[in-house]
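Structure file my_file05.txt (compact mmCIF, C-alpha atoms) follows.
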# COMPACT_ATOMS: atom_id res chain seq x y z
CA MET A 359 58.19 52.51 -352.58
CA TRP A 360 59.69 53.87 -349.34
CA PRO A 361 62.64 55.75 -350.93
CA ASP A 362 60.33 57.46 -353.43
CA LEU A 363 57.84 58.56 -350.76
CA ILE A 364 60.60 59.77 -348.43
CA GLN A 365 62.26 61.78 -351.21
CA LYS A 366 58.96 63.36 -352.25
CA ALA A 367 58.29 64.30 -348.64
CA LYS A 368 61.73 65.91 -348.42
CA ASP A 369 61.22 67.74 -351.72
CA GLY A 370 57.92 68.97 -350.31
CA GLY A 371 59.78 70.69 -347.48
CA LEU A 372 59.36 68.18 -344.65
CA ASP A 373 62.10 67.76 -342.05
CA VAL A 374 60.67 64.82 -340.09
CA ILE A 375 59.13 61.50 -341.11
CA GLU A 376 56.74 60.03 -338.57
CA THR A 377 55.62 56.42 -338.37
CA TYR A 378 53.72 54.15 -336.05
CA VAL A 379 55.27 50.86 -334.92
CA PHE A 380 52.57 48.22 -335.32
CA TRP A 381 52.82 45.78 -332.42
CA ASN A 382 50.37 43.30 -333.98
CA GLY A 383 52.43 43.32 -337.16
CA HIS A 384 55.77 42.85 -335.43
CA GLU A 385 54.64 40.23 -332.88
CA PRO A 386 51.81 38.26 -334.53
CA SER A 387 52.16 35.48 -331.94
CA PRO A 388 53.69 35.59 -328.43
CA GLY A 389 57.48 35.86 -328.56
CA LYS A 390 57.67 35.46 -332.34
CA PHE A 391 58.74 38.73 -333.95
CA ASN A 392 58.56 39.81 -337.56
CA PHE A 393 60.86 42.54 -338.89
CA GLU A 394 60.97 41.51 -342.53
CA GLY A 395 59.47 42.84 -345.75
CA ARG A 396 57.19 45.80 -345.16
CA TYR A 397 57.78 45.34 -341.42
CA ASP A 398 61.54 45.92 -341.77
CA LEU A 399 61.74 48.79 -339.30
CA VAL A 400 65.53 49.12 -339.36
CA LYS A 401 65.57 49.42 -343.14
CA PHE A 402 62.91 52.13 -343.01
CA ILE A 403 64.84 54.07 -340.36
CA LYS A 404 68.05 53.87 -342.37
CA LEU A 405 66.29 55.15 -345.49
CA VAL A 406 65.06 58.17 -343.54
CA GLN A 407 68.60 58.73 -342.22
CA GLN A 408 70.08 58.50 -345.71
CA ALA A 409 67.65 61.14 -346.91
CA GLY A 410 68.95 63.50 -344.21
CA LEU A 411 65.64 63.67 -342.35
CA TYR A 412 64.67 63.22 -338.72
CA LEU A 413 62.37 60.40 -337.58
CA ASN A 414 59.52 60.56 -335.08
CA LEU A 415 59.04 56.93 -334.03
CA ARG A 416 55.69 56.28 -332.35
CA ILE A 417 56.15 52.88 -330.73
CA GLY A 418 52.78 52.61 -329.04
CA PRO A 419 51.69 50.05 -327.87
CA TYR A 420 48.27 51.50 -328.76
CA ILE A 421 48.56 53.45 -331.99
CA CYS A 422 45.22 54.50 -333.46
CA ALA A 423 41.55 53.64 -333.66
CA GLU A 424 41.62 53.22 -337.44
CA TRP A 425 43.95 50.19 -337.28
CA ASN A 426 42.65 46.75 -336.38
CA PHE A 427 42.56 46.29 -332.59
CA GLY A 428 44.36 49.61 -332.20
CA GLY A 429 47.64 47.86 -332.99
CA PHE A 430 47.33 45.35 -330.14
CA PRO A 431 48.02 41.70 -331.07
CA VAL A 432 44.81 39.65 -330.97
CA TRP A 433 46.50 37.03 -328.77
CA LEU A 434 46.49 39.53 -325.89
CA LYS A 435 42.84 38.62 -325.33
CA CYS A 436 43.94 35.14 -324.23
CA VAL A 437 46.38 36.36 -321.56
CA PRO A 438 44.97 35.64 -318.06
CA GLY A 439 44.06 38.80 -316.15
CA MET A 440 44.48 41.05 -319.18
CA GLU A 441 42.63 44.37 -319.12
CA PHE A 442 43.32 46.60 -322.08
CA ARG A 443 44.63 50.12 -321.49
CA ALA A 444 44.24 49.70 -317.73
CA ASP A 445 46.49 49.55 -314.66
CA ASN A 446 47.14 45.81 -314.44
CA GLN A 447 50.36 43.82 -314.51
CA PRO A 448 49.88 41.80 -317.73
CA PHE A 449 49.13 44.94 -319.71
CA LYS A 450 52.12 46.78 -318.24
CA ILE A 451 54.63 43.94 -318.66
CA LEU A 452 53.90 42.63 -322.16
CA PRO A 453 54.12 45.99 -323.96
CA MET A 454 57.44 46.61 -322.18
CA VAL A 455 58.85 43.34 -323.54
CA SER A 456 57.87 44.33 -327.07
CA THR A 457 59.22 47.87 -326.63
CA MET A 458 62.59 46.62 -325.37
CA LYS A 459 62.81 44.24 -328.33
CA ILE A 460 62.30 47.16 -330.71
CA LEU A 461 64.76 49.45 -328.91
CA ASN A 462 67.44 46.76 -328.82
CA LEU A 463 66.84 46.11 -332.50
CA ILE A 464 67.33 49.69 -333.63
CA ASN A 465 70.17 50.56 -331.23
CA PRO A 466 72.92 48.79 -333.26
CA THR A 467 72.11 51.08 -336.19
CA ASN A 468 73.81 53.86 -334.16
CA LEU A 469 70.72 56.02 -334.28
CA LYS A 470 70.70 59.47 -332.73
CA PHE A 471 67.84 59.94 -330.31
CA GLY A 472 66.85 63.60 -330.16
CA GLN A 473 66.28 65.05 -326.72
CA LYS A 474 62.70 66.13 -326.12
CA SER A 475 62.53 69.85 -326.70
CA GLY A 476 59.26 70.64 -324.93
CA LEU A 477 58.31 73.04 -327.70
CA PRO A 478 54.67 73.29 -328.73
CA GLY A 479 53.35 71.07 -331.49
CA ILE A 480 50.02 70.31 -333.11
CA GLN A 481 48.56 67.59 -335.29
CA ASN A 482 46.76 68.83 -338.37
CA LEU A 483 44.14 66.49 -339.80
CA VAL A 484 44.23 66.55 -343.59
CA VAL A 485 40.64 65.52 -344.26
CA ARG A 486 39.47 67.04 -347.53
CA ARG A 487 40.83 70.42 -346.54
CA PRO A 488 41.59 72.96 -349.27
CA ALA A 489 45.29 73.72 -349.73
CA GLU A 490 44.74 77.38 -348.83
CA ASP A 491 43.06 76.44 -345.54
CA MET A 492 45.89 74.08 -344.59
CA ALA A 493 48.55 76.66 -345.45
CA PHE A 494 46.80 79.36 -343.43
CA THR A 495 46.53 77.06 -340.39
CA VAL A 496 50.22 76.15 -340.53
CA ALA A 497 51.34 79.76 -341.04
CA ARG A 498 49.22 80.98 -338.12
CA PHE A 499 50.61 78.22 -335.88
CA ILE A 500 54.20 79.15 -336.77
CA GLN A 501 53.40 82.84 -336.26
CA ASN A 502 52.31 82.00 -332.70
CA SER A 503 55.70 80.41 -331.88
CA GLY A 504 54.79 76.89 -332.97
CA SER A 505 57.63 74.70 -334.15
CA PHE A 506 56.50 71.12 -334.79
CA PHE A 507 53.57 70.66 -337.13
CA ASN A 508 52.32 67.16 -337.86
CA TYR A 509 50.35 66.41 -341.03
CA TYR A 510 47.94 63.52 -340.61
CA MET A 511 48.33 62.29 -343.25
CA TYR A 512 51.03 63.66 -345.56
CA HIS A 513 50.94 60.39 -347.50
CA GLY A 514 47.65 58.53 -347.44
CA GLY A 515 48.21 54.81 -347.90
CA THR A 516 46.05 51.71 -347.86
CA ASN A 517 44.89 49.38 -345.09
CA PHE A 518 45.52 46.01 -346.71
CA GLY A 519 43.79 42.77 -345.76
CA ARG A 520 42.03 42.89 -342.40
CA THR A 521 44.01 45.75 -340.94
CA THR A 522 41.09 48.20 -340.86
CA ALA A 523 39.41 48.76 -337.52
CA GLY A 524 36.15 47.02 -338.42
CA ARG A 525 33.75 45.89 -341.09
CA PHE A 526 32.36 48.24 -343.72
CA ILE A 527 35.30 50.63 -343.36
CA ALA A 528 37.03 51.80 -346.53
CA THR A 529 40.57 50.47 -346.92
CA SER A 530 41.74 53.75 -348.44
CA TYR A 531 43.62 56.06 -346.09
CA ASP A 532 44.02 58.76 -348.70
CA TYR A 533 42.54 61.69 -346.74
CA ASP A 534 43.21 63.99 -349.72
CA ALA A 535 46.84 64.06 -348.57
CA PRO A 536 49.62 65.94 -350.44
CA LEU A 537 50.92 62.50 -351.51
CA ASP A 538 47.95 60.36 -352.48
CA GLU A 539 47.24 56.69 -351.88
CA TYR A 540 49.43 55.71 -354.85
CA GLY A 541 52.34 57.94 -353.86
CA LEU A 542 51.57 60.51 -356.57
CA LEU A 543 51.68 64.28 -356.05
CA ASN A 544 48.24 65.63 -355.18
CA GLU A 545 48.19 69.04 -356.79
CA PRO A 546 47.64 71.84 -356.05
CA LYS A 547 47.94 70.81 -352.38
CA TYR A 548 51.47 69.35 -352.62
CA GLY A 549 52.91 72.38 -354.43
CA HIS A 550 51.04 74.86 -352.26
CA MET A 551 52.39 73.34 -349.03
CA ARG A 552 55.89 72.99 -350.51
CA ASP A 553 55.99 76.72 -351.26
CA LEU A 554 54.74 77.50 -347.75
CA HIS A 555 57.52 75.39 -346.22
CA LYS A 556 60.10 77.23 -348.34
CA ALA A 557 58.77 80.56 -347.13
CA ILE A 558 58.91 79.47 -343.49
CA LYS A 559 62.52 78.32 -343.88
CA LEU A 560 63.55 81.74 -345.19
CA LEU A 561 63.60 82.90 -341.57
CA ASN A 562 67.22 83.52 -340.62
CA GLN A 563 66.98 82.90 -336.88
CA PRO A 564 66.36 79.24 -335.94
CA TRP A 565 63.66 78.66 -333.34
CA PHE A 566 65.66 76.09 -331.43
CA HIS A 567 68.86 74.08 -331.63
CA PRO A 568 68.06 70.35 -331.33
CA MET A 569 70.26 68.33 -329.01
CA GLN A 570 71.23 64.82 -330.02
CA LYS A 571 72.36 61.99 -327.82
CA SER A 572 73.20 58.39 -328.63
CA LEU A 573 71.69 56.04 -326.05
CA GLY A 574 73.19 52.66 -325.25
CA SER A 575 70.99 49.68 -324.44
CA GLU A 576 71.69 49.95 -320.70
CA LYS A 577 70.65 53.61 -320.61
CA ILE A 578 67.48 52.79 -322.51
CA LYS A 579 66.63 50.08 -319.99
CA ARG A 580 67.12 52.50 -317.07
CA LEU A 581 64.96 55.12 -318.74
CA LEU A 582 62.13 52.63 -319.17
CA MET A 583 62.26 51.27 -315.63
As structure tokens:
Amino acid sequence: MWPDLIQKAKDGGLDVIETYVFWNGHEPSPGKFNFEGRYDLVKFIKLVQQAGLYLNLRIGPYICAEWNFGGFPVWLKCVPGMEFRADNQPFKILPMVSTMKILNLINPTNLKFGQKSGLPGIQNLVVRRPAEDMAFTVARFIQNSGSFFNYYMYHGGTNFGRTTAGRFIATSYDYDAPLDEYGLLNEPKYGHMRDLHKAIKLLNQPWFHPMQKSLGSEKIKRLLM
């Protein structure tokens, strides 16, 4: 399903694919990591690369309120002295271990880590918004020197099993997105936004020239210290 969704996103005019990294999915028990099946992060990254798109990797550790436990592994509750999202040693050390595991995993793929540009960006919630309203918001943002516009969500998926944040919460994460829960084109929104993206890209002068730099594992460690 990933290649199809990525290609449809590219055909819709997107330049960047963004994804969370779910700590509770990748480390379901202390020190035991899972990067297989739908948690195969390296495979996903390579598919985005092959499509010629950039990737915005949101490692966390906390990711969002709509996901069970915010993405934290449940076993964190059993760690002595643990205080969530607070200034205490257990909470600072354990996420770092997981983060280093992920960075060391993806580094051999020879990924290019883009240097932070510092340019303005905004997240646009796609919650039952008419296509015309979304297009107007994006166009106005670009007109005011904006450069990075994040659709939340561009593809609305499904929270399977017990991954929702609580009881009595719908498992659908559709949000009336341009690509619906089943990966199908949601018209007229998909086509409307695709045409807007084409119009924006007709501008001859680029807004910025992204810098790319390949980071070795030692440099990554120093940056995180």
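In this structure, atom CA of Ile460 of chain A sits 27.7 Å away from atom CA of Glu539 of chain A.
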Just how far from atom CA of Gln365 of chain A is atom CA of Gly504 of chain A, in Å to one decimal?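 According to the coordinates, atom CA of Gly504 of chain A and atom CA of Gln365 of chain A are separated by 24.8 Å.
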One-decimal distance in Å that lies between atom CA of Phe430 of chain A and atom CA of Asn446 of chain A: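 Between these atoms lies a distance of 15.7 Å.
Close contacts of Thr457 of chain A, defined as residues with an atom at most 9 Å away when counting all atoms listed in the file, with chain neighbours fewer than 3 positions off set aside, comprise Trp381, Ile417, Gly418, Pro419, Leu452, Pro453, Met454, Ile460, Leu461 and Asn462 of chain A.
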Which one is closest to Met511 of chain A: A:Tyr412, A:Phe494, A:Trp425, A:Tyr533? Count all atoms listed in the file. A:Tyr533
Closest to Arg486 of chain A among A:Phe442, A:Phe449, A:Tyr510, A:Phe380, using all atoms listed in the file?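 Looking at the shortest contact to Arg486 of chain A, the residue is A:Tyr510.
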Please, which residues are within 9 Å of (57.2, 69.8, -350.6) by the file's coordinates, counting only C-alpha atoms, and could they come as a PDB file with C-alpha atoms, keeping the file's coordinate frame?
ATOM      1  CA  LYS A 366      58.960  63.360-352.250  1.00  0.00           C
ATOM      2  CA  ALA A 367      58.290  64.300-348.640  1.00  0.00           C
ATOM      3  CA  LYS A 368      61.730  65.910-348.420  1.00  0.00           C
ATOM      4  CA  ASP A 369      61.220  67.740-351.720  1.00  0.00           C
ATOM      5  CA  GLY A 370      57.920  68.970-350.310  1.00  0.00           C
ATOM      6  CA  GLY A 371      59.780  70.690-347.480  1.00  0.00           C
ATOM      7  CA  LEU A 372      59.360  68.180-344.650  1.00  0.00           C
ATOM      8  CA  PRO A 536      49.620  65.940-350.440  1.00  0.00           C
ATOM      9  CA  TYR A 548      51.470  69.350-352.620  1.00  0.00           C
ATOM     10  CA  GLY A 549      52.910  72.380-354.430  1.00  0.00           C
ATOM     11  CA  HIS A 550      51.040  74.860-352.260  1.00  0.00           C
ATOM     12  CA  MET A 551      52.390  73.340-349.030  1.00  0.00           C
ATOM     13  CA  ARG A 552      55.890  72.990-350.510  1.00  0.00           C
ATOM     14  CA  ASP A 553      55.990  76.720-351.260  1.00  0.00           C
ATOM     15  CA  LEU A 554      54.740  77.500-347.750  1.00  0.00           C
ATOM     16  CA  HIS A 555      57.520  75.390-346.220  1.00  0.00           C
ATOM     17  CA  LYS A 556      60.100  77.230-348.340  1.00  0.00           C
TER      18      LYS A 556
END
Would you pick out the contacts of segment 398-408 of chain A at 9 Å or less, using all atoms listed in the file, so that residues sharing its chain but fewer than 4 positions from it are not included, and give the list as a PDB file with C-alpha atoms, keeping the file's coordinate frame?
ATOM      1  CA  TRP A 360      59.690  53.870-349.340  1.00  0.00           C
ATOM      2  CA  PRO A 361      62.640  55.750-350.930  1.00  0.00           C
ATOM      3  CA  ILE A 364      60.600  59.770-348.430  1.00  0.00           C
ATOM      4  CA  GLN A 365      62.260  61.780-351.210  1.00  0.00           C
ATOM      5  CA  VAL A 374      60.670  64.820-340.090  1.00  0.00           C
ATOM      6  CA  ILE A 375      59.130  61.500-341.110  1.00  0.00           C
ATOM      7  CA  VAL A 379      55.270  50.860-334.920  1.00  0.00           C
ATOM      8  CA  ASN A 392      58.560  39.810-337.560  1.00  0.00           C
ATOM      9  CA  PHE A 393      60.860  42.540-338.890  1.00  0.00           C
ATOM     10  CA  GLU A 394      60.970  41.510-342.530  1.00  0.00           C
ATOM     11  CA  TYR A 412      64.670  63.220-338.720  1.00  0.00           C
ATOM     12  CA  LEU A 413      62.370  60.400-337.580  1.00  0.00           C
ATOM     13  CA  ILE A 460      62.300  47.160-330.710  1.00  0.00           C
ATOM     14  CA  LEU A 463      66.840  46.110-332.500  1.00  0.00           C
ATOM     15  CA  ILE A 464      67.330  49.690-333.630  1.00  0.00           C
ATOM     16  CA  THR A 467      72.110  51.080-336.190  1.00  0.00           C
ATOM     17  CA  LEU A 469      70.720  56.020-334.280  1.00  0.00           C
TER      18      LEU A 469
END
I'd like the contact shell of Gly383 of chain A - 8 Å cut-off, all atoms listed in the file, skipping same-chain residues fewer than 4 positions apart - returned as a PDB file with C-alpha atoms, in the coordinates of the input.
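Everything below was put into result25.pdb:
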ATOM      1  CA  ASN A 392      58.560  39.810-337.560  1.00  0.00           C
ATOM      2  CA  TYR A 397      57.780  45.340-341.420  1.00  0.00           C
ATOM      3  CA  GLY A 429      47.640  47.860-332.990  1.00  0.00           C
ATOM      4  CA  PRO A 431      48.020  41.700-331.070  1.00  0.00           C
TER       5      PRO A 431
END
